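All remarks here apply to the structure that follows.
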Amino acid sequence: AFAPIAGAAAAEGDLGHQQLDPLLAVLKKIPADVPAEDRSGAEQILVNLARHAGPQQIANGGAELLAHLDPDGNEPKDEDLKPPSREVHLRKRDDGWWRLNGLLDPEFGARANALFETWGQRRPVDEDGNRDPRTPGERHGDALFDAIHYAMTNDKAPTLSGDRTTIVVTIPLDTLTSGLGMACVDEVTQITARHARLLACDAKIIPAALGSESEPLDIGRAARTVTPAQRRALNLRDHGCAFPGCHRRPKHCEAHHILPWGHLGDTDLNNLCLVCRYHHMVIHGQSGWTVRMGSDGRPEFIPPQYLDPLQKPRRNHR
């Protein structure tokens, strides 16, 4: 009575238990509110399929039938409506580095994977034929850093107590100017003075005068070194990272002071250029690359002598 068409085929010897078991399993999943003629039609389709198909093919065909008969599926239960469980753990190590691990739901994982595939692509071969030496893990780490930096500097980013997310870097002025020594991030993590100078290029700076016992004597007002109007002008002029051969777009770039801020460099267009995070570190590092403003008001980069003994200025023509 439950499956008369399948029963008749079995009585004739056309179906065995290997075909009947998956066929009956599909029929039991058909909702009770499905009309009798639709149920009978579905059974006939399954019986015809089962005469020359194996168990897996019957199961696959049954899944397609169920999707057609009941496209909405079973009514969700309360536990099915709970928000996805996403876990991310960030722990600071004794050496100042941070360890990140977590568990992502399917949607979050797919979004993260898409971000790594787009923002974590290999850098193109530069004008000297050098290829991107980063491993996939290193490229993914840089992509995550770029995404967080972009989110924190976005005009629509959420605020904390009425202010943008801010990291406080404490460093003596002479150390910042010379680039020699150490700085402290949020009073917990040590970074080099060179790294602090990189942060000072395009960041929200809160100047603080410290006494001999490191007590704060005077806290200045926060001032963003590059205004939104200047940033728009830089985007229009440089069209992205100005370093030769780089293809990063403006949204992935930072404003670099050609004459460093710590050396009283002015924050105006003839002392600024856009560079991506990687090439910003190249310029502030010990690579030998320097940048200057050309006679036409556009940035040009001077390579180190080991790359070009004549040190001919280069520009980004992408």
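Just so we're on the same page: first chain in the structure tokens is A, next is B, and so on; residues restart at 1 for each chain, and ligands are numbered from 1 in the order they show up.
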Do you know which residues are at most 7 Å from Asp142 of chain A counting only C-alpha atoms, after dropping those on the same chain fewer than 4 positions away, and could you put them as an MDAnalysis selection string? chainID A and resid 120 138 146
Going by DSSP on the backbone, which bits of segment 54-136 of chain A are helix (DSSP H, G or I)? Write them as an MDAnalysis selection string, please. chainID A and resid 55:69 78:81 106:119 136
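Between atom CA of Ile58 of chain A and atom CA of Gln19 of chain A the separation is 7.4 Å.
Separating atom CA of Leu69 of chain A from atom CA of Asp38 of chain A is a distance of 8.0 Å.
When the distance limit is 8 Å and only C-alpha atoms are what count, the residues near segment 85-92 of chain A, minus those fewer than 4 positions from it on the same chain, are Gly96, Trp97, Trp98, Arg99, Leu100, Asn101, Gly102, Leu103, Leu104 and Asp105 of chain A.
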Nearby residues (only C-alpha atoms) at most 9 Å from Ala143 of chain A, same-chain spacing under 4 positions excluded, as a PyMOL selection string: chain A and resi 115-121+138-139+147-148
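With only C-alpha atoms as the basis for measurement, A:Leu20 is the residue among A:Cys273, A:Leu20, A:Ala67, A:Leu310 that approaches Gly7 of chain A most closely.
Considering only segment 79-117 of chain A, backbone DSSP assigns strand (DSSP E) to Glu87, Val88, His89, Leu90, Arg91, Lys92, Trp98, Arg99, Leu100, Asn101, Gly102 and Leu103 of chain A.
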Could you pull the residues within 9 Å of Ser287 of chain A, counting only C-alpha atoms, minus those fewer than 5 positions along the same chain, as an MDAnalysis selection string? chainID A and resid 282 303:304
State, in Å with one decimal place, the distance from atom CA of Arg51 of chain A to atom CA of Asp21 of chain A. 13.3 Å
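Restricting the calculation to only C-alpha atoms, the smallest distance between Gln57 of chain A and any of A:Val34, A:Leu23, A:Cys241, A:Ile302 is found for A:Leu23.
Shortest separation to His149 of chain A among A:Ala242, A:Cys276, A:Ala6, A:Ile258 occurs at residue A:Cys276, atoms counted being only C-alpha atoms.
The residue that comes closest to Pro244 of chain A, out of A:Asn130, A:Asn113, A:Asn48, A:Asn316 and on the basis of only C-alpha atoms, is A:Asn316.
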Name all residues at most 8 Å from Leu269 of chain A (count only C-alpha atoms; drop same-chain ones fewer than 6 positions away) and give them as a PDB file with N, CA and C atoms, in the first residue's frame.
ATOM      1  N   GLN A 230      43.579  66.259   0.601  1.00  0.00           N
ATOM      2  CA  GLN A 230      44.897  65.913   0.081  1.00  0.00           C
ATOM      3  C   GLN A 230      44.931  64.467  -0.406  1.00  0.00           C
ATOM      4  N   ALA A 233      43.430  64.274  -3.794  1.00  0.00           N
ATOM      5  CA  ALA A 233      44.342  64.821  -4.791  1.00  0.00           C
ATOM      6  C   ALA A 233      45.471  63.833  -5.105  1.00  0.00           C
ATOM      7  N   LEU A 234      45.975  63.139  -4.081  1.00  0.00           N
ATOM      8  CA  LEU A 234      47.008  62.132  -4.299  1.00  0.00           C
ATOM      9  C   LEU A 234      46.485  60.978  -5.151  1.00  0.00           C
TER      10      LEU A 234
END
